[in-house]
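Asks: Data file final.cif (mmCIF, C-alpha atoms) is appended below.
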data_work
#
loop_
_atom_site.group_PDB
_atom_site.id
_atom_site.type_symbol
_atom_site.label_atom_id
_atom_site.label_comp_id
_atom_site.auth_asym_id
_atom_site.auth_seq_id
_atom_site.Cartn_x
_atom_site.Cartn_y
_atom_site.Cartn_z
ATOM 1 C CA MET A 6 -166.115 -53.009 20.236
ATOM 2 C CA GLU A 7 -163.040 -51.561 21.990
ATOM 3 C CA THR A 8 -159.890 -53.675 22.074
ATOM 4 C CA LEU A 9 -157.146 -52.805 24.547
ATOM 5 C CA ALA A 10 -154.481 -54.806 22.676
ATOM 6 C CA PHE A 11 -154.294 -56.475 19.296
ATOM 7 C CA ILE A 12 -151.956 -57.976 16.695
ATOM 8 C CA PRO A 13 -151.397 -55.498 13.845
ATOM 9 C CA SER A 14 -151.541 -56.608 10.248
ATOM 10 C CA PRO A 15 -148.698 -55.795 7.833
ATOM 11 C CA SER A 16 -149.035 -52.502 6.028
ATOM 12 C CA ALA A 17 -148.152 -54.286 2.773
ATOM 13 C CA GLY A 18 -148.168 -57.847 1.515
ATOM 14 C CA GLU A 19 -144.682 -57.523 0.004
ATOM 15 C CA ILE A 20 -141.182 -57.593 1.398
ATOM 16 C CA HIS A 21 -138.548 -55.707 -0.596
ATOM 17 C CA LEU A 22 -135.152 -57.379 -0.867
ATOM 18 C CA GLY A 23 -133.305 -54.431 -2.266
ATOM 19 C CA PRO A 24 -134.971 -53.594 -5.598
ATOM 20 C CA LEU A 25 -136.750 -56.979 -5.724
ATOM 21 C CA PRO A 26 -140.275 -57.231 -4.277
ATOM 22 C CA LEU A 27 -141.169 -60.585 -2.709
ATOM 23 C CA ARG A 28 -144.711 -61.485 -1.760
ATOM 24 C CA GLY A 29 -144.990 -62.324 1.921
ATOM 25 C CA TYR A 30 -147.238 -65.283 1.079
ATOM 26 C CA ALA A 31 -144.637 -66.735 -1.296
ATOM 27 C CA LEU A 32 -141.847 -66.169 1.232
ATOM 28 C CA CYS A 33 -143.722 -68.158 3.876
ATOM 29 C CA ILE A 34 -144.269 -71.040 1.441
ATOM 30 C CA ILE A 35 -140.579 -71.048 0.463
ATOM 31 C CA LEU A 36 -139.431 -71.026 4.090
ATOM 32 C CA GLY A 37 -141.830 -73.860 4.828
ATOM 33 C CA VAL A 38 -140.427 -75.990 2.008
ATOM 34 C CA PHE A 39 -136.859 -75.473 3.215
ATOM 35 C CA ALA A 40 -137.850 -76.327 6.801
ATOM 36 C CA ALA A 41 -139.621 -79.493 5.684
ATOM 37 C CA VAL A 42 -136.669 -80.683 3.584
ATOM 38 C CA TRP A 43 -134.172 -79.888 6.354
ATOM 39 C CA LEU A 44 -136.067 -81.681 9.116
ATOM 40 C CA GLY A 45 -137.125 -84.536 6.856
ATOM 41 C CA GLY A 46 -133.535 -85.023 5.704
ATOM 42 C CA ARG A 47 -132.253 -85.303 9.272
ATOM 43 C CA ARG A 48 -134.919 -87.839 10.183
ATOM 44 C CA TRP A 49 -134.307 -89.839 7.001
ATOM 45 C CA VAL A 50 -130.581 -90.161 7.693
ATOM 46 C CA ALA A 51 -131.364 -91.156 11.292
ATOM 47 C CA ARG A 52 -133.524 -93.974 9.903
ATOM 48 C CA GLY A 53 -130.617 -95.244 7.811
ATOM 49 C CA GLY A 54 -131.298 -93.386 4.563
ATOM 50 C CA GLN A 55 -128.808 -91.512 2.411
ATOM 51 C CA PRO A 56 -128.147 -87.758 2.720
ATOM 52 C CA GLY A 57 -129.804 -85.778 -0.054
ATOM 53 C CA THR A 58 -132.541 -88.314 -0.738
ATOM 54 C CA VAL A 59 -135.316 -86.230 0.836
ATOM 55 C CA ALA A 60 -134.328 -83.181 -1.216
ATOM 56 C CA ASP A 61 -134.174 -85.242 -4.413
ATOM 57 C CA ILE A 62 -137.682 -86.612 -3.884
ATOM 58 C CA ALA A 63 -138.939 -83.162 -2.876
ATOM 59 C CA VAL A 64 -138.117 -82.037 -6.425
ATOM 60 C CA TRP A 65 -141.081 -84.216 -7.413
ATOM 61 C CA ALA A 66 -143.303 -83.757 -4.366
ATOM 62 C CA VAL A 67 -143.229 -79.949 -4.023
ATOM 63 C CA PRO A 68 -144.396 -79.000 -7.558
ATOM 64 C CA PHE A 69 -147.090 -81.668 -7.440
ATOM 65 C CA GLY A 70 -148.157 -80.400 -4.013
ATOM 66 C CA LEU A 71 -148.396 -76.772 -5.145
ATOM 67 C CA LEU A 72 -150.413 -77.808 -8.183
ATOM 68 C CA GLY A 73 -152.747 -79.964 -6.094
ATOM 69 C CA GLY A 74 -153.232 -77.262 -3.491
ATOM 70 C CA ARG A 75 -154.118 -74.684 -6.106
ATOM 71 C CA LEU A 76 -156.464 -77.027 -7.972
ATOM 72 C CA TYR A 77 -158.349 -77.871 -4.783
ATOM 73 C CA HIS A 78 -158.723 -74.187 -3.921
ATOM 74 C CA VAL A 79 -159.900 -73.181 -7.392
ATOM 75 C CA ILE A 80 -162.368 -76.086 -7.624
ATOM 76 C CA THR A 81 -163.895 -75.576 -4.180
ATOM 77 C CA ASP A 82 -163.940 -71.767 -4.480
ATOM 78 C CA TYR A 83 -164.680 -71.525 -8.181
ATOM 79 C CA GLN A 84 -167.001 -68.566 -7.636
ATOM 80 C CA LEU A 85 -163.913 -66.420 -6.944
ATOM 81 C CA TYR A 86 -162.590 -66.954 -10.450
ATOM 82 C CA PHE A 87 -165.472 -67.808 -12.758
ATOM 83 C CA GLY A 88 -168.730 -66.036 -13.383
ATOM 84 C CA GLU A 89 -169.889 -62.522 -13.953
ATOM 85 C CA GLY A 90 -167.347 -59.893 -13.021
ATOM 86 C CA ARG A 91 -164.581 -62.463 -12.394
ATOM 87 C CA ASN A 92 -161.332 -62.960 -14.275
ATOM 88 C CA PRO A 93 -160.390 -66.643 -14.780
ATOM 89 C CA VAL A 94 -156.740 -65.622 -15.196
ATOM 90 C CA ASP A 95 -156.686 -64.874 -11.447
ATOM 91 C CA ALA A 96 -156.825 -68.619 -10.865
ATOM 92 C CA PHE A 97 -153.133 -68.694 -11.803
ATOM 93 C CA ARG A 98 -152.141 -65.921 -9.363
ATOM 94 C CA ILE A 99 -150.949 -68.326 -6.690
ATOM 95 C CA TRP A 100 -148.862 -65.608 -5.015
ATOM 96 C CA ASP A 101 -152.070 -63.847 -3.969
ATOM 97 C CA GLY A 102 -152.964 -66.802 -1.746
ATOM 98 C CA GLY A 103 -155.190 -69.810 -2.101
ATOM 99 C CA LEU A 104 -153.743 -73.274 -1.481
ATOM 100 C CA GLY A 105 -155.914 -76.122 -0.230
ATOM 101 C CA ILE A 106 -153.969 -78.450 2.061
ATOM 102 C CA TRP A 107 -156.117 -81.428 1.080
ATOM 103 C CA GLY A 108 -155.162 -81.141 -2.579
ATOM 104 C CA ALA A 109 -151.549 -80.314 -1.720
ATOM 105 C CA ILE A 110 -151.105 -83.496 0.329
ATOM 106 C CA ALA A 111 -152.923 -85.671 -2.213
ATOM 107 C CA LEU A 112 -150.936 -84.622 -5.290
ATOM 108 C CA GLY A 113 -147.787 -84.093 -3.238
ATOM 109 C CA ALA A 114 -148.013 -87.748 -2.211
ATOM 110 C CA LEU A 115 -148.286 -88.692 -5.881
ATOM 111 C CA GLY A 116 -145.130 -86.744 -6.668
ATOM 112 C CA ALA A 117 -143.344 -88.319 -3.696
ATOM 113 C CA TRP A 118 -144.432 -91.777 -4.877
ATOM 114 C CA ILE A 119 -142.893 -91.122 -8.292
ATOM 115 C CA GLY A 120 -139.638 -89.967 -6.696
ATOM 116 C CA CYS A 121 -139.551 -92.909 -4.283
ATOM 117 C CA ARG A 122 -140.258 -95.398 -7.044
ATOM 118 C CA ARG A 123 -137.360 -94.072 -9.097
ATOM 119 C CA ARG A 124 -135.010 -94.693 -6.155
ATOM 120 C CA GLY A 125 -136.491 -97.977 -4.938
ATOM 121 C CA ILE A 126 -137.712 -96.474 -1.653
ATOM 122 C CA PRO A 127 -140.937 -97.431 0.174
ATOM 123 C CA LEU A 128 -143.259 -94.437 0.213
ATOM 124 C CA PRO A 129 -144.601 -95.114 3.773
ATOM 125 C CA ALA A 130 -141.084 -94.935 5.221
ATOM 126 C CA TYR A 131 -140.422 -91.674 3.401
ATOM 127 C CA ALA A 132 -143.774 -90.266 4.567
ATOM 128 C CA ASP A 133 -142.932 -91.105 8.188
ATOM 129 C CA ALA A 134 -139.618 -89.268 7.919
ATOM 130 C CA VAL A 135 -141.032 -86.076 6.398
ATOM 131 C CA ALA A 136 -144.310 -85.903 8.382
ATOM 132 C CA PRO A 137 -143.101 -83.489 11.123
ATOM 133 C CA GLY A 138 -141.436 -81.341 8.477
ATOM 134 C CA ILE A 139 -144.637 -81.104 6.462
ATOM 135 C CA VAL A 140 -146.684 -79.864 9.395
ATOM 136 C CA LEU A 141 -143.876 -77.458 10.345
ATOM 137 C CA ALA A 142 -144.060 -76.109 6.787
ATOM 138 C CA GLN A 143 -147.791 -75.604 7.297
ATOM 139 C CA ALA A 144 -147.070 -73.653 10.494
ATOM 140 C CA LEU A 145 -144.815 -71.287 8.547
ATOM 141 C CA GLY A 146 -147.117 -71.138 5.538
ATOM 142 C CA ARG A 147 -150.053 -69.944 7.633
ATOM 143 C CA TRP A 148 -148.235 -66.659 8.202
ATOM 144 C CA GLY A 149 -148.828 -65.974 4.530
ATOM 145 C CA ASN A 150 -152.487 -65.443 5.467
ATOM 146 C CA TRP A 151 -151.317 -62.766 7.908
ATOM 147 C CA PHE A 152 -149.513 -60.922 5.103
ATOM 148 C CA ASN A 153 -152.622 -61.136 2.908
ATOM 149 C CA GLN A 154 -155.070 -60.294 5.729
ATOM 150 C CA GLU A 155 -157.248 -63.285 4.867
ATOM 151 C CA LEU A 156 -158.888 -66.349 6.419
ATOM 152 C CA TYR A 157 -159.318 -64.740 9.850
ATOM 153 C CA GLY A 158 -162.048 -65.665 12.312
ATOM 154 C CA ARG A 159 -165.015 -64.057 13.973
ATOM 155 C CA PRO A 160 -164.897 -60.579 15.511
ATOM 156 C CA THR A 161 -163.367 -60.487 18.977
ATOM 157 C CA ASP A 162 -161.939 -58.047 21.511
ATOM 158 C CA LEU A 163 -159.458 -60.491 23.043
ATOM 159 C CA PRO A 164 -155.955 -59.095 23.720
ATOM 160 C CA TRP A 165 -154.528 -61.230 20.906
ATOM 161 C CA ALA A 166 -157.144 -60.149 18.365
ATOM 162 C CA LEU A 167 -155.969 -59.448 14.823
ATOM 163 C CA GLU A 168 -156.489 -55.959 13.414
ATOM 164 C CA ILE A 169 -157.767 -56.005 9.827
ATOM 165 C CA ASP A 170 -157.564 -53.000 7.520
ATOM 166 C CA PRO A 171 -160.927 -51.667 6.233
ATOM 167 C CA ALA A 172 -160.221 -52.877 2.684
ATOM 168 C CA HIS A 173 -159.977 -56.489 3.896
ATOM 169 C CA ARG A 174 -162.898 -56.578 6.343
ATOM 170 C CA PRO A 175 -166.109 -58.523 5.695
ATOM 171 C CA VAL A 176 -168.859 -56.539 4.019
ATOM 172 C CA ASP A 177 -171.172 -57.384 6.932
ATOM 173 C CA THR A 178 -168.889 -55.884 9.591
ATOM 174 C CA PRO A 179 -167.036 -52.964 7.995
ATOM 175 C CA ASP A 180 -166.828 -51.073 11.295
ATOM 176 C CA LEU A 181 -165.305 -53.936 13.306
ATOM 177 C CA ALA A 182 -161.510 -53.880 13.199
ATOM 178 C CA THR A 183 -160.378 -56.922 15.251
ATOM 179 C CA TYR A 184 -160.952 -60.626 14.607
ATOM 180 C CA HIS A 185 -159.737 -64.026 15.771
ATOM 181 C CA PRO A 186 -156.233 -64.682 14.330
ATOM 182 C CA THR A 187 -157.014 -68.160 13.058
ATOM 183 C CA PHE A 188 -153.744 -68.159 11.114
ATOM 184 C CA LEU A 189 -151.911 -67.927 14.460
ATOM 185 C CA TYR A 190 -154.083 -70.580 16.102
ATOM 186 C CA GLU A 191 -153.398 -73.036 13.315
ATOM 187 C CA SER A 192 -149.695 -72.177 13.171
ATOM 188 C CA LEU A 193 -149.251 -72.898 16.877
ATOM 189 C CA TRP A 194 -151.343 -76.057 16.584
ATOM 190 C CA CYS A 195 -149.150 -77.292 13.722
ATOM 191 C CA ILE A 196 -146.005 -76.771 15.794
ATOM 192 C CA GLY A 197 -147.614 -78.845 18.540
ATOM 193 C CA VAL A 198 -148.468 -81.595 16.047
ATOM 194 C CA ALA A 199 -144.870 -81.656 14.783
ATOM 195 C CA LEU A 200 -143.625 -82.172 18.354
ATOM 196 C CA LEU A 201 -146.297 -84.829 18.924
ATOM 197 C CA VAL A 202 -145.214 -86.828 15.863
ATOM 198 C CA ILE A 203 -141.528 -86.644 16.823
ATOM 199 C CA TRP A 204 -142.316 -87.802 20.371
ATOM 200 C CA ALA A 205 -144.674 -90.601 19.298
ATOM 201 C CA ASP A 206 -142.197 -91.828 16.692
ATOM 202 C CA ARG A 207 -139.407 -92.074 19.280
ATOM 203 C CA ARG A 208 -141.656 -93.575 21.950
ATOM 204 C CA PHE A 209 -143.444 -96.199 19.858
ATOM 205 C CA LYS A 210 -141.005 -96.715 16.945
ATOM 206 C CA LEU A 211 -143.694 -95.961 14.387
ATOM 207 C CA GLY A 212 -143.266 -97.358 10.908
ATOM 208 C CA HIS A 213 -145.055 -98.243 7.670
ATOM 209 C CA GLY A 214 -146.724 -94.825 7.421
ATOM 210 C CA ARG A 215 -148.092 -94.625 10.967
ATOM 211 C CA ALA A 216 -146.076 -91.521 11.917
ATOM 212 C CA PHE A 217 -147.567 -89.805 8.887
ATOM 213 C CA ALA A 218 -151.040 -90.951 9.963
ATOM 214 C CA VAL A 219 -150.467 -89.457 13.438
ATOM 215 C CA TYR A 220 -149.651 -86.155 11.728
ATOM 216 C CA VAL A 221 -152.810 -86.344 9.617
ATOM 217 C CA ALA A 222 -155.020 -87.162 12.618
ATOM 218 C CA GLY A 223 -153.460 -84.438 14.764
ATOM 219 C CA TYR A 224 -153.658 -81.778 12.086
ATOM 220 C CA THR A 225 -157.274 -82.496 11.105
ATOM 221 C CA ALA A 226 -158.363 -82.361 14.753
ATOM 222 C CA GLY A 227 -156.993 -78.831 15.003
ATOM 223 C CA ARG A 228 -158.191 -77.825 11.564
ATOM 224 C CA PHE A 229 -161.752 -78.664 12.578
ATOM 225 C CA TRP A 230 -161.943 -76.058 15.345
ATOM 226 C CA THR A 231 -159.942 -73.352 13.547
ATOM 227 C CA GLU A 232 -162.148 -73.844 10.480
ATOM 228 C CA TYR A 233 -165.195 -73.491 12.732
ATOM 229 C CA LEU A 234 -164.011 -70.005 13.736
ATOM 230 C CA ARG A 235 -163.449 -68.726 10.205
ATOM 231 C CA ILE A 236 -165.976 -66.426 8.532
ATOM 232 C CA ASP A 237 -164.676 -66.305 4.957
ATOM 233 C CA ASP A 238 -166.998 -67.490 2.207
ATOM 234 C CA ALA A 239 -167.197 -71.277 1.965
ATOM 235 C CA HIS A 240 -169.491 -74.001 0.728
ATOM 236 C CA HIS A 241 -171.679 -75.553 3.430
ATOM 237 C CA VAL A 242 -173.025 -79.097 3.623
ATOM 238 C CA PHE A 243 -175.807 -79.788 6.151
ATOM 239 C CA GLY A 244 -175.043 -76.486 7.851
ATOM 240 C CA MET A 245 -171.299 -77.082 8.258
ATOM 241 C CA ARG A 246 -168.353 -75.862 6.203
ATOM 242 C CA LEU A 247 -167.045 -78.270 3.577
ATOM 243 C CA ASN A 248 -163.569 -78.265 5.096
ATOM 244 C CA ASN A 249 -165.025 -79.345 8.440
ATOM 245 C CA TRP A 250 -166.575 -82.415 6.817
ATOM 246 C CA THR A 251 -163.292 -83.099 5.031
ATOM 247 C CA ALA A 252 -161.384 -82.842 8.321
ATOM 248 C CA ILE A 253 -163.735 -85.329 9.989
ATOM 249 C CA LEU A 254 -163.456 -87.843 7.144
ATOM 250 C CA VAL A 255 -159.669 -87.609 6.869
ATOM 251 C CA PHE A 256 -159.291 -87.870 10.663
ATOM 252 C CA LEU A 257 -161.314 -91.086 10.764
ATOM 253 C CA LEU A 258 -159.345 -92.565 7.857
ATOM 254 C CA ALA A 259 -156.033 -91.722 9.564
ATOM 255 C CA VAL A 260 -157.084 -93.352 12.841
ATOM 256 C CA LEU A 261 -158.357 -96.416 10.976
ATOM 257 C CA TYR A 262 -155.047 -96.701 9.139
ATOM 258 C CA ILE A 263 -153.079 -96.558 12.409
ATOM 259 C CA VAL A 264 -155.146 -99.376 13.934
ATOM 260 C CA VAL A 265 -155.167 -101.671 10.879
ATOM 261 C CA SER A 266 -151.524 -101.047 9.981
ATOM 262 C CA ALA A 267 -150.331 -101.764 13.536
ATOM 263 C CA LYS A 268 -152.038 -105.165 13.423
ATOM 264 C CA LYS A 269 -150.926 -106.164 9.947
ATOM 265 C CA ARG A 270 -147.404 -104.718 9.935
ATOM 266 C CA PRO A 271 -146.162 -104.080 13.498
ATOM 267 C CA GLY A 272 -142.809 -102.462 14.125
ATOM 268 C CA ARG A 273 -140.939 -100.370 11.605
ATOM 269 C CA GLU A 274 -138.892 -100.937 8.487
ATOM 270 C CA GLU A 275 -135.350 -102.140 9.130
ATOM 271 C CA VAL A 276 -134.062 -100.924 5.749
ATOM 272 C CA VAL A 277 -135.502 -97.752 4.211
ATOM 273 C CA GLU A 278 -133.148 -97.193 1.292
ATOM 274 C CA PRO A 279 -130.929 -99.490 -0.770
ATOM 275 C CA GLN A 280 -127.255 -98.836 -0.174
ATOM 276 C CA PRO A 281 -125.305 -97.546 -3.174
ATOM 277 C CA ASP A 282 -123.253 -100.117 -5.041
ATOM 278 C CA GLU A 283 -119.632 -100.338 -3.929
ATOM 279 C CA PRO A 284 -117.208 -98.923 -6.503
ATOM 280 C CA ASP A 285 -115.047 -101.332 -8.414
ATOM 281 C CA GLY A 286 -111.909 -101.914 -6.427
ATOM 282 C CA GLY A 287 -110.099 -104.353 -8.655
ATOM 283 C CA ALA A 288 -110.073 -108.095 -8.572
ATOM 284 C CA ASP A 289 -110.746 -110.079 -5.423
ATOM 285 C CA PRO A 290 -107.607 -110.336 -3.217
ATOM 286 C CA GLU A 291 -107.932 -114.105 -2.935
ATOM 287 C CA ALA A 292 -108.270 -114.407 -6.695
ATOM 288 C CA GLU A 293 -105.216 -112.218 -7.162
ATOM 289 C CA SER A 294 -103.284 -114.431 -4.766
ATOM 290 C CA ALA A 295 -104.341 -117.484 -6.720
ATOM 291 C CA ASP A 296 -103.148 -115.859 -9.935
ATOM 292 C CA GLU A 297 -99.787 -115.025 -8.427
ATOM 293 C CA HIS A 298 -99.299 -118.553 -7.065
ATOM 294 C CA PRO A 299 -100.887 -120.993 -9.512
ATOM 295 C CA ALA A 300 -101.301 -124.596 -8.565
ATOM 296 C CA ASP A 301 -98.377 -126.806 -9.343
ATOM 297 C CA GLU A 302 -98.525 -128.062 -12.888
ATOM 298 C CA GLU A 303 -98.210 -131.693 -13.729
ATOM 299 C CA PRO A 304 -94.468 -132.525 -13.907
ATOM 300 C CA ALA A 305 -93.184 -132.683 -17.422
ATOM 301 C CA ARG A 306 -92.451 -136.168 -18.770
ATOM 302 C CA LYS A 307 -88.822 -137.066 -19.078
ATOM 303 C CA ARG A 308 -87.711 -137.219 -22.635
ATOM 304 C CA GLY A 309 -85.680 -140.100 -23.938
ATOM 305 C CA PRO A 310 -82.236 -139.706 -25.510
ATOM 306 C CA ALA A 311 -82.088 -138.404 -28.979
ATOM 307 C CA SER A 312 -82.105 -141.178 -31.526
#
Mind turning the file's structure into C-alpha cells?

Replies:
Amino acid sequence: METLAFIPSPSAGEIHLGPLPLRGYALCIILGVFAAVWLGGRRWVARGGQPGTVADIAVWAVPFGLLGGRLYHVITDYQLYFGEGRNPVDAFRIWDGGLGIWGAIALGALGAWIGCRRRGIPLPAYADAVAPGIVLAQALGRWGNWFNQELYGRPTDLPWALEIDPAHRPVDTPDLATYHPTFLYESLWCIGVALLVIWADRRFKLGHGRAFAVYVAGYTAGRFWTEYLRIDDAHHVFGMRLNNWTAILVFLLAVLYIVVSAKKRPGREEVVEPQPDEPDGGADPEAESADEHPADEEPARKRGPAS
C-alpha cells in the first residue's frame, strides 16, 4: 500500500520542558481540564452563577473522573494487566494511556454531585453549564492517543492517513504503515458537538440537564462510528465491540431523558446558585433613626409644694 501523503506520528511520547519530561498524553489531559473549567466557568456566570464555582466543584469532579475512567479501562481490558506475562502494577500507569470515557463521566458526575451539594447547587444546572467544556476536553484529550500511537483505525492509503511506527503496529499487519487517524476523527467530532450544544442551548434555552443530554447523545453518535473503525483489541458482544453497544445504550437513554425532561420540567432554572449573604453593615437605618429620635415620653407629673 503506497500512500502519497500522511500524518506523521511523534518520534517520542514525551515533551521536555527544560530538564522536566512531560508525557504528551498527560499534557493533553491537563489542557483539556483547563479548557473545560474555563468554558464552563464562563457559561456558569452567564447563567447567573458565581465566578470560581465551576473550578471549586471541578476539584471534586476531576479526580473522581480520572479514577472512574481508569477503573473502566482496567476492568474492560483486564487482560492487559492481569494474567501470565502481565504486570498488575501497570494498571496504575495512567500516564501511558487508558481512560474510559464512560467511567470518567459516571464517577466524575458523582464528584460533581458532592461538590454541588456542598454549595447548594442543582447538579443538572451545573451539568448544562459544563457540557460543552467537557466535550472540548475530550477533543484535546484524544491527541494523547496520537502521542502514544494507539487506538488508530483500519489500514488506509487516504491522504490524511496516520503513519504508525513498526513498534506500535498490529501484529497482523506489521508491513502496513498507515491507518485511519480515529483520534483525529473523534477530536473533530467532539469540537462539532461542543458547538452544537452551545447553539442548541442558546436557541432553545435548555435547562434541567437537557444541554448535558444533548452532549451525551451527540458524542455517542460519533463514538459509534469511530469505534467501528478501530482495530485495537476489544471485547465483542454478538459480533460488535462492547463500546459500540455502550454507545447505543447511552444514546437512547440521553434521548429519552431529553423527551421526558422537556415534558415534566420545561424551560430552564431561573436561579442556579444561592447568592452569598450580604456582609453586616450595621443596624438598619430606620432603626437607627428611631433610636436617635425616641417617641415622646409621657410628661412628668407636676409635683406639689414641699410640705

Asks: A:Leu189, A:Ala40, A:Leu25, A:Ala239: which is nearest Ala63 of chain A, counting only C-alpha atoms?

Replies: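 So, comparing all the options, the nearest one is A:Ala40.
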
Asks: For atom CA of Arg47 of chain A and atom CA of Gly113 of chain A, quote the distance in Å rounded to one decimal.

Replies: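 Interatomic distance, atom CA of Arg47 of chain A to atom CA of Gly113 of chain A: 20.0 Å.
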
Asks: One decimal, Å: what's the distance from atom CA of Ala166 of chain A over to atom CA of Leu85 of chain A, could you say?

Replies: 26.9 Å

Asks: For Ser14 of chain A, which residue out of A:Pro271, A:Gly149, A:Pro129, A:Pro175 is the nearest one, using all atoms listed in the file?

Replies: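 Under the stated criterion, the closest residue is A:Gly149.
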
Asks: Hey, what's within 12 Å of Ala96 of chain A if we count all atoms listed in the file and toss same-chain stuff fewer than 5 positions away? As a list in words, please?

Replies: Leu72, Gly74, Arg75, Leu76, Tyr77, His78, Val79, Ile80, Thr81, Asp82, Tyr83, Gln84, Leu85, Tyr86, Phe87, Arg91, Asp101, Gly102, Gly103 and Leu104 of chain A

Asks: Have a look at A:Leu22, A:Cys195, A:Leu141, A:Leu167 and name the one nearest to Thr183 of chain A; count only C-alpha atoms.

Replies: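 Nearest candidate to Thr183 of chain A out of A:Leu22, A:Cys195, A:Leu141, A:Leu167: A:Leu167.
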
Asks: Name the residues within 12 Å of (-160.0, -80.3, 7.1), counting only C-alpha atoms in the file's coordinates, and put them as number ranges by chain.

Replies: A: 105-108, 110, 191, 221-233, 245-257

Asks: With C-alpha atoms kept, could you save the residues just selected as a compact mmCIF listing (two decimals), in the frame of the given file?

Replies:
# COMPACT_ATOMS: atom_id res chain seq x y z
CA GLY A 105 -155.91 -76.12 -0.23
CA ILE A 106 -153.97 -78.45 2.06
CA TRP A 107 -156.12 -81.43 1.08
CA GLY A 108 -155.16 -81.14 -2.58
CA ILE A 110 -151.10 -83.50 0.33
CA GLU A 191 -153.40 -73.04 13.32
CA VAL A 221 -152.81 -86.34 9.62
CA ALA A 222 -155.02 -87.16 12.62
CA GLY A 223 -153.46 -84.44 14.76
CA TYR A 224 -153.66 -81.78 12.09
CA THR A 225 -157.27 -82.50 11.10
CA ALA A 226 -158.36 -82.36 14.75
CA GLY A 227 -156.99 -78.83 15.00
CA ARG A 228 -158.19 -77.82 11.56
CA PHE A 229 -161.75 -78.66 12.58
CA TRP A 230 -161.94 -76.06 15.34
CA THR A 231 -159.94 -73.35 13.55
CA GLU A 232 -162.15 -73.84 10.48
CA TYR A 233 -165.20 -73.49 12.73
CA MET A 245 -171.30 -77.08 8.26
CA ARG A 246 -168.35 -75.86 6.20
CA LEU A 247 -167.04 -78.27 3.58
CA ASN A 248 -163.57 -78.26 5.10
CA ASN A 249 -165.02 -79.34 8.44
CA TRP A 250 -166.58 -82.42 6.82
CA THR A 251 -163.29 -83.10 5.03
CA ALA A 252 -161.38 -82.84 8.32
CA ILE A 253 -163.74 -85.33 9.99
CA LEU A 254 -163.46 -87.84 7.14
CA VAL A 255 -159.67 -87.61 6.87
CA PHE A 256 -159.29 -87.87 10.66
CA LEU A 257 -161.31 -91.09 10.76

Asks: Scan for residues within 12 Å of the point (-148.1, -76.0, 16.2) in the coordinates of the file, using only C-alpha atoms, and reply as number ranges by chain.

Replies: A: 137-147, 188-202, 220, 223-224, 227-228

Asks: Given the choices A:Asn153, A:Trp49, A:Gly90, A:Ile62, which gets closest to Asp170 of chain A if the distance is worked out from all atoms listed in the file?

Replies: A:Asn153

Asks: Between A:Ser16, A:Ala132, A:Phe97, A:Arg159, which has the minimum distance to Gly45 of chain A (counting all atoms listed in the file)?

Replies: A:Ala132

Asks: For the atom pair atom CA of Lys210 of chain A and atom CA of Val260 of chain A, what is the interatomic distance in Å to one decimal place?

Replies: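 So the answer is 16.9 Å.
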
Asks: Check the smallest atom-to-atom distance from each of A:Arg208, A:His241, A:Arg235, A:Arg28 to Gly272 of chain A using all atoms listed in the file, then report the winner.

Replies: A:Arg208

Asks: Once the PyMOL selection byres ((chain A and resi 133) around 8) is applied to the coordinates I shared, what remains selected? I want it as a VMD selection string.

Replies: chain A and resid 129 to 132 134 to 136 211 to 217

Asks: Evaluate the PyMOL selection byres ((chain A and resi 184) around 8) and record the selected residues as JSON, numbers by chain, following the chain and residue labels used in the document.

Replies: {"A": [157, 158, 159, 160, 161, 162, 166, 167, 168, 169, 182, 183, 185, 186]}

Asks: Once the PyMOL selection byres ((chain A and resi 56) around 12) has been evaluated on this model, what residues remain selected, and can you format them as a ChimeraX atom specification?

Replies: /A:42-55,57-62,278,280-281

Asks: As AutoDock Vina command-line options, what would the box around segment 39-49 of chain A look like: edges along x, y and z, 4 Å added on every side, centre and edge lengths in Å to one decimal?

Replies:
--center_x -135.9 --center_y -82.7 --center_z 6.7 --size_x 15.4 --size_y 22.4 --size_z 15.0
